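Trainee: mmCIF, C-alpha atoms (C1' of nucleotides), saved as upload.cif, coming up:
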```cif
data_entry
loop_
_atom_site.label_atom_id
_atom_site.label_comp_id
_atom_site.auth_asym_id
_atom_site.auth_seq_id
_atom_site.Cartn_x
_atom_site.Cartn_y
_atom_site.Cartn_z
CA MET A 25 127.40 -108.99 19.21
CA ARG A 26 123.91 -107.51 19.27
CA LEU A 27 123.80 -103.72 19.75
CA PHE A 28 120.21 -103.51 21.09
CA GLN A 29 119.75 -99.93 22.42
CA THR A 30 123.29 -98.85 21.52
CA PRO A 31 123.29 -96.52 18.49
CA PHE A 32 126.37 -97.18 16.38
CA ASN A 33 127.35 -96.72 12.75
CA LEU A 34 130.62 -98.52 11.98
CA ASP A 35 131.05 -97.06 8.47
CA LEU A 36 130.57 -93.46 9.64
CA THR A 37 132.84 -93.95 12.63
CA LEU A 38 135.69 -95.30 10.49
CA CYS A 39 135.15 -92.97 7.50
CA CYS A 40 134.81 -89.61 9.26
CA GLY A 41 138.53 -88.85 9.29
CA GLN A 42 139.41 -89.46 12.94
CA VAL A 43 141.41 -92.65 12.24
CA PHE A 44 143.49 -93.25 9.15
CA LYS A 45 144.59 -96.86 8.94
CA TRP A 46 141.37 -98.81 8.45
CA GLU A 47 140.55 -100.38 5.08
CA LYS A 48 137.27 -101.71 3.77
CA LYS A 49 137.16 -104.77 1.50
CA GLU A 50 133.65 -105.75 0.46
CA ASP A 51 131.63 -105.34 3.66
CA TRP A 52 134.47 -106.08 6.10
CA TRP A 53 136.69 -103.48 7.73
CA TYR A 54 140.31 -104.47 8.42
CA GLY A 55 142.48 -102.73 10.96
CA ILE A 56 144.65 -103.08 14.02
CA ILE A 57 143.63 -102.62 17.63
CA GLY A 58 146.50 -102.75 20.08
CA ASN A 59 148.91 -105.14 18.44
CA ASN A 60 146.32 -107.39 16.84
CA PRO A 61 144.90 -107.42 13.33
CA ILE A 62 141.12 -107.61 13.37
CA LYS A 63 138.20 -107.64 10.94
CA ILE A 64 134.77 -106.27 11.70
CA ARG A 65 131.50 -105.62 9.92
CA GLN A 66 128.06 -104.33 10.82
CA ILE A 67 124.81 -105.79 9.58
CA ASN A 68 121.98 -103.67 10.94
CA LYS A 69 122.10 -104.11 14.74
CA ASP A 70 124.73 -106.85 14.63
CA LEU A 71 128.48 -106.41 14.88
CA GLU A 72 130.56 -109.34 13.68
CA PHE A 73 134.28 -109.41 14.37
CA GLU A 74 137.27 -111.74 14.52
CA ASN A 75 140.47 -111.92 16.58
CA VAL A 76 139.32 -109.41 19.23
CA SER A 77 137.30 -109.54 22.43
CA THR A 78 133.88 -107.94 22.85
CA ASN A 79 135.21 -105.76 25.66
CA LEU A 80 138.00 -104.39 23.49
CA ILE A 81 135.53 -103.62 20.69
CA LYS A 82 133.34 -101.77 23.18
CA SER A 83 136.16 -99.68 24.60
CA TYR A 84 137.88 -98.96 21.25
CA PHE A 85 134.72 -97.82 19.46
CA GLY A 86 133.44 -95.87 22.47
CA LEU A 87 130.34 -98.05 22.75
CA ASN A 88 130.27 -97.44 26.49
CA ASP A 89 129.61 -93.72 25.89
CA ASN A 90 125.93 -92.89 26.30
CA LEU A 91 125.30 -91.34 22.89
CA HIS A 92 121.66 -90.50 23.69
CA GLU A 93 122.81 -88.53 26.73
CA ILE A 94 125.61 -86.84 24.76
CA LYS A 95 123.11 -85.86 22.05
CA ARG A 96 120.77 -84.43 24.65
CA LYS A 97 123.60 -82.33 26.13
CA ILE A 98 125.10 -80.95 22.91
CA SER A 99 121.85 -80.34 20.97
CA LYS A 100 121.95 -76.60 21.59
CA ASP A 101 120.33 -75.62 18.28
CA ASN A 102 118.50 -77.06 15.29
CA PHE A 103 121.58 -77.27 13.11
CA ILE A 104 123.63 -79.49 15.43
CA GLU A 105 120.54 -81.52 16.29
CA ASN A 106 119.85 -82.22 12.62
CA THR A 107 123.51 -83.07 12.04
CA LEU A 108 123.46 -85.54 14.94
CA THR A 109 120.32 -87.13 13.49
CA ARG A 110 121.78 -87.28 10.01
CA PHE A 111 125.01 -88.98 11.11
CA TRP A 112 123.53 -90.81 14.08
CA GLY A 113 125.81 -93.53 15.40
CA LEU A 114 129.09 -91.78 14.63
CA ARG A 115 131.28 -92.27 17.70
CA ILE A 116 134.64 -91.01 18.90
CA ILE A 117 137.17 -93.84 18.78
CA LYS A 118 139.60 -94.36 21.67
CA GLN A 119 142.86 -94.51 19.73
CA ASP A 120 146.30 -95.50 20.93
CA PRO A 121 147.85 -92.20 22.17
CA TRP A 122 151.27 -92.77 20.61
CA GLU A 123 149.91 -93.57 17.15
CA CYS A 124 147.39 -90.74 17.45
CA LEU A 125 150.08 -88.21 18.39
CA ILE A 126 152.39 -89.07 15.49
CA SER A 127 149.45 -89.35 13.08
CA TYR A 128 148.18 -85.87 13.86
CA ILE A 129 151.63 -84.30 13.61
CA CYS A 130 151.72 -85.85 10.13
CA ALA A 131 148.15 -84.64 9.45
CA THR A 132 149.03 -80.94 9.50
CA TYR A 133 148.36 -79.20 6.21
CA LYS A 134 147.59 -82.47 4.37
CA SER A 135 144.52 -84.08 2.86
CA ILE A 136 143.13 -87.20 4.51
CA ALA A 137 144.03 -89.28 1.45
CA ALA A 138 147.64 -88.09 1.67
CA ILE A 139 147.75 -88.68 5.45
CA ARG A 140 146.62 -92.26 4.95
CA LYS A 141 149.32 -92.81 2.38
CA MET A 142 152.05 -91.50 4.72
CA LEU A 143 150.91 -93.60 7.66
CA PHE A 144 150.53 -96.80 5.62
CA GLU A 145 154.03 -96.34 4.21
CA LEU A 146 155.47 -95.64 7.66
CA SER A 147 153.83 -98.79 9.02
CA GLU A 148 154.84 -100.96 6.09
CA LYS A 149 158.48 -99.92 6.39
CA PHE A 150 158.89 -99.90 10.17
CA GLY A 151 155.93 -101.73 11.68
CA GLU A 152 155.40 -105.41 12.34
CA LYS A 153 153.81 -107.63 9.71
CA LYS A 154 150.60 -109.40 10.74
CA ILE A 155 148.29 -111.68 8.77
CA LEU A 156 144.61 -112.48 9.33
CA ASN A 157 142.65 -114.51 6.77
CA ASP A 158 145.32 -113.87 4.10
CA TYR A 159 144.96 -110.13 4.71
CA VAL A 160 148.33 -108.48 5.40
CA PHE A 161 148.59 -105.73 8.03
CA TYR A 162 151.45 -103.66 9.38
CA THR A 163 151.31 -102.34 12.94
CA PHE A 164 152.17 -98.71 13.63
CA PRO A 165 155.89 -98.54 14.60
CA LYS A 166 156.47 -98.44 18.36
CA PRO A 167 158.21 -95.47 20.04
CA GLU A 168 161.45 -97.45 20.46
CA LYS A 169 161.56 -98.08 16.71
CA PHE A 170 161.81 -94.35 16.08
CA GLN A 171 165.26 -94.31 17.72
CA SER A 172 166.69 -95.96 14.63
CA ILE A 173 164.53 -94.18 12.06
CA THR A 174 166.28 -91.34 10.21
CA LYS A 175 165.00 -88.13 8.69
CA SER A 176 165.72 -89.58 5.28
CA ASP A 177 163.50 -92.60 6.13
CA LEU A 178 160.62 -90.29 6.98
CA LEU A 179 161.13 -88.18 3.87
CA ASP A 180 160.86 -91.40 1.86
CA CYS A 181 157.45 -91.99 3.47
CA GLY A 182 156.33 -88.57 2.26
CA LEU A 183 156.34 -86.76 5.62
CA GLY A 184 158.13 -83.75 4.16
CA TYR A 185 158.89 -80.94 6.62
CA ARG A 186 157.02 -82.87 9.36
CA SER A 187 159.90 -85.38 9.50
CA LYS A 188 162.00 -83.27 11.87
CA TYR A 189 159.04 -82.70 14.21
CA VAL A 190 158.25 -86.43 14.37
CA LEU A 191 161.87 -87.31 15.16
CA LYS A 192 162.33 -84.63 17.83
CA THR A 193 158.99 -85.32 19.50
CA SER A 194 159.40 -89.10 19.48
CA LYS A 195 162.80 -88.77 21.20
CA LYS A 196 161.37 -86.43 23.85
CA ILE A 197 158.48 -88.77 24.58
CA LEU A 198 160.75 -91.83 24.81
CA SER A 199 162.66 -90.08 27.59
CA ARG A 200 159.48 -89.73 29.68
CA ASP A 201 158.06 -92.87 31.30
CA SER A 202 154.28 -93.18 31.57
CA PHE A 203 153.86 -89.87 29.74
CA PHE A 204 150.41 -90.62 28.36
CA ASP A 205 149.14 -92.04 31.68
CA GLU A 206 150.18 -88.78 33.34
CA LEU A 207 148.30 -86.77 30.73
CA LYS A 208 145.12 -88.80 31.25
CA ASN A 209 145.16 -87.79 34.89
CA PHE A 210 145.71 -84.11 34.12
CA SER A 211 142.88 -81.68 33.43
CA TYR A 212 142.19 -80.79 29.80
CA LEU A 213 144.09 -77.49 30.05
CA GLN A 214 147.03 -78.97 31.97
CA ALA A 215 147.40 -81.82 29.46
CA LYS A 216 147.13 -79.45 26.50
CA LYS A 217 149.85 -77.23 27.93
CA GLN A 218 152.16 -80.25 28.19
CA LEU A 219 151.48 -81.39 24.61
CA ILE A 220 152.09 -77.98 23.06
CA GLU A 221 155.67 -78.11 24.36
CA PHE A 222 156.51 -80.73 21.73
CA PRO A 223 157.81 -79.82 18.26
CA GLY A 224 155.10 -80.05 15.60
CA ILE A 225 152.26 -79.94 18.14
CA GLY A 226 150.25 -76.73 18.16
CA GLN A 227 146.81 -76.08 19.58
CA LYS A 228 144.86 -78.00 16.96
CA VAL A 229 147.05 -81.12 17.00
CA ALA A 230 147.03 -81.10 20.83
CA ASP A 231 143.22 -80.94 20.85
CA CYS A 232 143.01 -83.87 18.43
CA ILE A 233 145.32 -86.00 20.59
CA LEU A 234 143.34 -85.09 23.72
CA LEU A 235 139.99 -85.88 22.13
CA PHE A 236 140.83 -88.95 20.10
CA SER A 237 143.17 -90.78 22.46
CA LEU A 238 143.16 -89.33 25.98
CA GLY A 239 139.46 -89.21 26.72
CA LYS A 240 139.22 -85.41 26.97
CA THR A 241 135.79 -85.04 25.39
CA GLU A 242 135.71 -81.30 26.11
CA ALA A 243 138.53 -80.78 23.57
CA PHE A 244 137.26 -78.92 20.49
CA PRO A 245 139.81 -79.06 17.66
CA VAL A 246 139.40 -76.19 15.18
CA ASP A 247 140.71 -76.93 11.71
CA ILE A 248 139.83 -75.39 8.36
CA TRP A 249 136.56 -77.39 8.12
CA VAL A 250 135.34 -76.56 11.62
CA LYS A 251 136.19 -72.90 11.03
CA ARG A 252 134.05 -72.96 7.86
CA ALA A 253 131.17 -74.59 9.75
CA ILE A 254 131.33 -71.93 12.48
CA ILE A 255 131.36 -69.13 9.90
CA LYS A 256 128.32 -70.63 8.15
CA TYR A 257 126.17 -71.67 11.11
CA TYR A 258 127.42 -69.87 14.24
CA SER A 259 128.56 -66.44 13.03
CA ASN A 260 125.92 -64.74 15.19
CA HIS A 261 128.00 -65.69 18.24
CA PHE A 262 130.85 -63.41 17.09
CA SER A 263 131.35 -59.82 15.95
CA LYS A 264 131.01 -59.12 12.23
CA LYS A 265 134.56 -57.84 12.27
CA PHE A 266 135.89 -61.13 13.67
CA ILE A 267 133.95 -63.27 11.16
CA SER A 268 135.12 -61.06 8.33
CA LYS A 269 138.72 -61.38 9.50
CA ILE A 270 138.75 -65.18 9.81
CA SER A 271 136.89 -65.50 6.50
CA ARG A 272 139.64 -63.66 4.64
CA SER A 273 142.63 -65.84 5.48
CA ARG A 274 142.99 -69.57 5.14
CA SER A 275 145.09 -70.17 8.25
CA ILE A 276 143.95 -69.54 11.82
CA SER A 277 146.11 -67.41 14.12
CA ASN A 278 146.71 -68.42 17.73
CA SER A 279 144.33 -65.85 19.17
CA GLU A 280 141.64 -66.69 16.61
CA TYR A 281 142.05 -70.34 17.55
CA ASN A 282 141.53 -69.49 21.22
CA THR A 283 138.33 -67.59 20.43
CA LEU A 284 136.85 -70.38 18.28
CA ASN A 285 137.98 -73.12 20.65
CA GLU A 286 136.53 -71.38 23.70
CA PHE A 287 133.27 -70.83 21.88
CA GLY A 288 133.02 -74.56 21.12
CA ARG A 289 133.83 -75.63 24.65
CA THR A 290 131.49 -73.21 26.40
CA TYR A 291 128.62 -73.48 23.91
CA PHE A 292 128.58 -77.29 23.61
CA GLY A 293 129.97 -78.10 27.06
CA GLU A 294 131.72 -81.20 28.39
CA ASN A 295 131.08 -83.19 25.17
CA ALA A 296 132.16 -80.44 22.78
CA GLY A 297 134.48 -82.93 21.08
CA TYR A 298 131.51 -84.96 19.89
CA ALA A 299 129.85 -81.81 18.51
CA GLN A 300 133.10 -80.94 16.76
CA GLU A 301 133.34 -84.32 15.04
CA TYR A 302 129.77 -84.11 13.73
CA LEU A 303 130.39 -80.53 12.49
CA PHE A 304 133.65 -81.57 10.87
CA HIS A 305 132.02 -84.49 9.11
CA PHE A 306 129.00 -82.45 7.99
CA GLU A 307 131.18 -79.72 6.53
CA ARG A 308 133.41 -82.16 4.67
CA MET A 309 130.44 -84.06 3.27
CA SER A 310 128.62 -80.88 2.24
CA SER A 311 131.64 -79.85 0.16
CA LYS A 312 131.23 -82.96 -1.98
CA LYS A 313 128.99 -83.31 -4.98
CA ASN A 314 125.66 -85.09 -4.56
CA PHE A 315 125.28 -83.98 -0.94
CA LEU A 316 121.74 -83.28 0.33
"C1'" DT B 1 148.76 -77.14 -14.23
"C1'" DT B 2 147.01 -75.25 -10.41
"C1'" DC B 3 144.95 -75.42 -6.10
"C1'" DC B 4 144.53 -77.02 -1.59
"C1'" DA B 5 145.12 -79.95 2.40
"C1'" DG B 6 142.23 -82.16 10.11
"C1'" DG B 7 148.80 -76.22 10.86
"C1'" DT B 8 153.18 -75.09 13.04
"C1'" DT B 9 157.15 -72.43 13.27
"C1'" DC B 10 159.84 -68.52 12.76
"C1'" DC B 11 160.70 -63.77 12.47
"C1'" DA B 12 159.95 -58.96 11.95
"C1'" DA B 13 157.25 -55.06 13.59
"C1'" DT C 29 151.57 -59.88 21.07
"C1'" DT C 30 150.46 -60.11 16.24
"C1'" DG C 31 150.65 -60.78 11.14
"C1'" DG C 32 152.46 -63.13 7.45
"C1'" DA C 33 155.66 -65.95 4.91
"C1'" DA C 34 157.89 -70.50 4.64
"C1'" DC C 35 157.41 -75.11 4.87
"C1'" DA C 36 157.40 -80.63 1.41
"C1'" DT C 37 154.37 -83.34 -0.83
"C1'" DG C 38 150.50 -85.66 -3.04
"C1'" DG C 39 145.62 -85.89 -4.44
"C1'" DA C 40 141.92 -83.95 -7.12
#
```
Will you turn the file into structure tokens for me?

Mentor:
Amino acid sequence: MRLFQTPFNLDLTLCCGQVFKWEKKEDWWYGIIGNNPIKIRQINKDLEFENVSTNLIKSYFGLNDNLHEIKRKISKDNFIENTLTRFWGLRIIKQDPWECLISYICATYKSIAAIRKMLFELSEKFGEKKILNDYVFYTFPKPEKFQSITKSDLLDCGLGYRSKYVLKTSKKILSRDSFFDELKNFSYLQAKKQLIEFPGIGQKVADCILLFSLGKTEAFPVDIWVKRAIIKYYSNHFSKKFISKISRSRSISNSEYNTLNEFGRTYFGENAGYAQEYLFHFERMSSKKNFL
DNA sequence: TTCCAGGTTCCAA
DNA sequence: TTGGAACATGGA
């Protein structure tokens, strides 16, 4: 598939911490879309893939989003504009809502490396085995599977105190037909209110689910990295007292979250989620050695 | 060893 | 309504 005028960077999109279960071997990425194992690689403007349709690739990797238009709308200052240029082609993936929801409950207070480990173990133990070109995959366990999974099973996968949240929330969601379809039709705020009712889902996890799987691009998740980026590059939008307060403690209180989240959504607008993902990635990269 | 991680929950004030 | 401790575990 030739990308022509469609800016896309497969490596950045899969490495930036929005999805957890993709693996790269040599220049091919291996992962699962829907229930199918696929492999994909990018060589300049060409995407090569196996076992998946072009339409599914386009919808999963958000290739139908007009990234030029999104950039134009969220480029409110030099910093975000430079960040967009630097990581140009990073796109928001349209994940499966169920997998995304459980993944981000697991993602609380964990490093991305540790999250990956948990989710791979969960899939290997309770998912379905698939093989493509001798490469072995395990699908993410379906909601029904969680009826027979015990707390001890989840502890064995390293979920720790998140185990009870995953079990309670999966049971609640199983009891509601078409739950995710309903949420897609709700406004951002209505859908967020619904999600926060579930155990283990607070404001940040809800925003991640809304952005990464339910198409709510105005969602602006604020985690430790985004908070750091705001303190460094956007502190002039807040009082000195507020910046000093959020700089002192590691965690973010509910009211602080509201302030930072509202800033992101009003400042960047309807595609705030895209701005967030570029800020998140920039801040994580800049913490590593050899950056710049 | 120690520190920290894509936070949420619970409880006291 | 708000502030702060507790929470399980693994990677760096």

Trainee: Decode the PyMOL selection byres ((chain C) within 10 of (chain A)) for the given file into explicit residues and return them as a list in words.

Mentor: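 With the shown file as input, the PyMOL selection byres ((chain C) within 10 of (chain A)) matches DT29, DT30, DG31, DC35, DA36, DT37, DG38 and DG39 of chain C.
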
Trainee: Evaluate the PyMOL selection byres ((chain C and resi 33) around 12) on the structure here and hand back the selected residues as a list of chain:residue names.

Mentor: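 Applying the expression gives A:Ser275, B:DT9, B:DC10, B:DC11, B:DA12, C:DG31, C:DG32, C:DA34, C:DC35.
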
Trainee: Please identify every residue of chain A that has at least one atom no farther than 8 Å from an atom of chain B, counting only C-alpha atoms (C1' of nucleotides), and for each give the shortest atom pair and the distance in Å to one decimal, arranged by chain then increasing number, as JSON lines.

Mentor:
```
{"residue": "A:Gly41", "atom": "CA", "partner": "B:DG6", "partner_atom": "C1'", "distance": 7.7}
{"residue": "A:Tyr128", "atom": "CA", "partner": "B:DG6", "partner_atom": "C1'", "distance": 8.0}
{"residue": "A:Ala131", "atom": "CA", "partner": "B:DG6", "partner_atom": "C1'", "distance": 6.5}
{"residue": "A:Thr132", "atom": "CA", "partner": "B:DG7", "partner_atom": "C1'", "distance": 4.9}
{"residue": "A:Tyr133", "atom": "CA", "partner": "B:DA5", "partner_atom": "C1'", "distance": 5.1}
{"residue": "A:Lys134", "atom": "CA", "partner": "B:DA5", "partner_atom": "C1'", "distance": 4.0}
{"residue": "A:Ser135", "atom": "CA", "partner": "B:DA5", "partner_atom": "C1'", "distance": 4.2}
{"residue": "A:Ile136", "atom": "CA", "partner": "B:DG6", "partner_atom": "C1'", "distance": 7.6}
{"residue": "A:Gly224", "atom": "CA", "partner": "B:DT8", "partner_atom": "C1'", "distance": 5.9}
{"residue": "A:Ile225", "atom": "CA", "partner": "B:DT8", "partner_atom": "C1'", "distance": 7.1}
{"residue": "A:Gly226", "atom": "CA", "partner": "B:DT8", "partner_atom": "C1'", "distance": 6.1}
{"residue": "A:Lys228", "atom": "CA", "partner": "B:DG7", "partner_atom": "C1'", "distance": 7.5}
{"residue": "A:Asp247", "atom": "CA", "partner": "B:DG6", "partner_atom": "C1'", "distance": 5.7}
{"residue": "A:Ile248", "atom": "CA", "partner": "B:DG6", "partner_atom": "C1'", "distance": 7.4}
{"residue": "A:Trp249", "atom": "CA", "partner": "B:DG6", "partner_atom": "C1'", "distance": 7.7}
{"residue": "A:Ser275", "atom": "CA", "partner": "B:DG7", "partner_atom": "C1'", "distance": 7.6}
```

Trainee: Take the residues from that selection and put them in a file with C-alpha atoms, as a CSV table (one decimal), keeping the file's coordinate frame.

Mentor:
```
chain,number,residue,atom,x,y,z
A,41,GLY,CA,138.5,-88.8,9.3
A,128,TYR,CA,148.2,-85.9,13.9
A,131,ALA,CA,148.2,-84.6,9.4
A,132,THR,CA,149.0,-80.9,9.5
A,133,TYR,CA,148.4,-79.2,6.2
A,134,LYS,CA,147.6,-82.5,4.4
A,135,SER,CA,144.5,-84.1,2.9
A,136,ILE,CA,143.1,-87.2,4.5
A,224,GLY,CA,155.1,-80.0,15.6
A,225,ILE,CA,152.3,-79.9,18.1
A,226,GLY,CA,150.2,-76.7,18.2
A,228,LYS,CA,144.9,-78.0,17.0
A,247,ASP,CA,140.7,-76.9,11.7
A,248,ILE,CA,139.8,-75.4,8.4
A,249,TRP,CA,136.6,-77.4,8.1
A,275,SER,CA,145.1,-70.2,8.2
```

Trainee: Can you tell me, as JSON, the centre and edge lengths (Å, one decimal) of the axis-aligned box enclosing all of region 224-236 of chain A's listed atoms after padding each side by 3 Å?

Mentor:
```
{"center_x": 147.5, "center_y": -82.5, "center_z": 19.7, "size_x": 21.1, "size_y": 18.9, "size_z": 14.1}
```

Trainee: Which residue is closest to Ala215 (chain A)? Choose from A:Lys49, A:Lys240, A:Lys192, A:Arg289 and count all atoms listed in the file.

Mentor: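 Counting all atoms listed in the file, the residue closest to Ala215 (chain A) is A:Lys240.
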
Trainee: Would you compute the distance between CA of Gln227 (chain A) and CA of Gln171 (chain A)? Give it in Å to one decimal.

Mentor: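 We find that CA of Gln227 (chain A) and CA of Gln171 (chain A) lie 26.0 Å from each other.
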
Trainee: May I ask for the distance between CA of Ile67 (chain A) and CA of Tyr159 (chain A), given in Å to one decimal place?

Mentor: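 Taking CA of Ile67 (chain A) and CA of Tyr159 (chain A), their separation equals 21.2 Å.
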
Trainee: Let me know the residues the PyMOL selection byres ((chain A and resi 291) around 12) catches in the file above, as an MDAnalysis selection string.

Mentor: chainID A and resid 97:101 104 242 244 254 258 261 283:290 292:297 299:300

Trainee: As an exercise, work out the distance from CA of Val250 (chain A) to CA of Leu114 (chain A) in Å and give it to one decimal place.

Mentor: 16.7 Å

Trainee: Using all atoms listed in the file, which residues sit within 12 Å of region 88-90 of chain A once same-chain residues fewer than 5 positions away are excluded, as a list in words?

Mentor: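 Surrounding residues, per the criterion: Leu27, Gln29, Thr30, Pro31, Phe32, Thr78, Asn79, Leu80, Ile81, Lys82, Ser83, Lys95, Arg96, Lys97, Gly113, Leu114, Arg115, Ile116, Ile117, Lys118, Gly239, Thr241, Asn295 and Tyr298 of chain A.
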
Trainee: Next, dump the selected residues to file, keeping only C-alpha atoms, as a short mmCIF file (atom, residue, chain, number, x, y, z; two decimals), in the coordinates of the input.

Mentor:
```
data_model
loop_
_atom_site.label_atom_id
_atom_site.label_comp_id
_atom_site.auth_asym_id
_atom_site.auth_seq_id
_atom_site.Cartn_x
_atom_site.Cartn_y
_atom_site.Cartn_z
CA LEU A 27 123.80 -103.72 19.75
CA GLN A 29 119.75 -99.93 22.42
CA THR A 30 123.29 -98.85 21.52
CA PRO A 31 123.29 -96.52 18.49
CA PHE A 32 126.37 -97.18 16.38
CA THR A 78 133.88 -107.94 22.85
CA ASN A 79 135.21 -105.76 25.66
CA LEU A 80 138.00 -104.39 23.49
CA ILE A 81 135.53 -103.62 20.69
CA LYS A 82 133.34 -101.77 23.18
CA SER A 83 136.16 -99.68 24.60
CA LYS A 95 123.11 -85.86 22.05
CA ARG A 96 120.77 -84.43 24.65
CA LYS A 97 123.60 -82.33 26.13
CA GLY A 113 125.81 -93.53 15.40
CA LEU A 114 129.09 -91.78 14.63
CA ARG A 115 131.28 -92.27 17.70
CA ILE A 116 134.64 -91.01 18.90
CA ILE A 117 137.17 -93.84 18.78
CA LYS A 118 139.60 -94.36 21.67
CA GLY A 239 139.46 -89.21 26.72
CA THR A 241 135.79 -85.04 25.39
CA ASN A 295 131.08 -83.19 25.17
CA TYR A 298 131.51 -84.96 19.89
#
```

Trainee: Ser259 (chain A): which residues within 12 Å, counting all atoms listed in the file, same-chain residues fewer than 3 positions away excluded, as JSON, numbers by chain?

Mentor: {"A": [251, 252, 253, 254, 255, 256, 262, 263, 264, 265, 266, 267, 268, 269, 270, 271, 284, 287]}
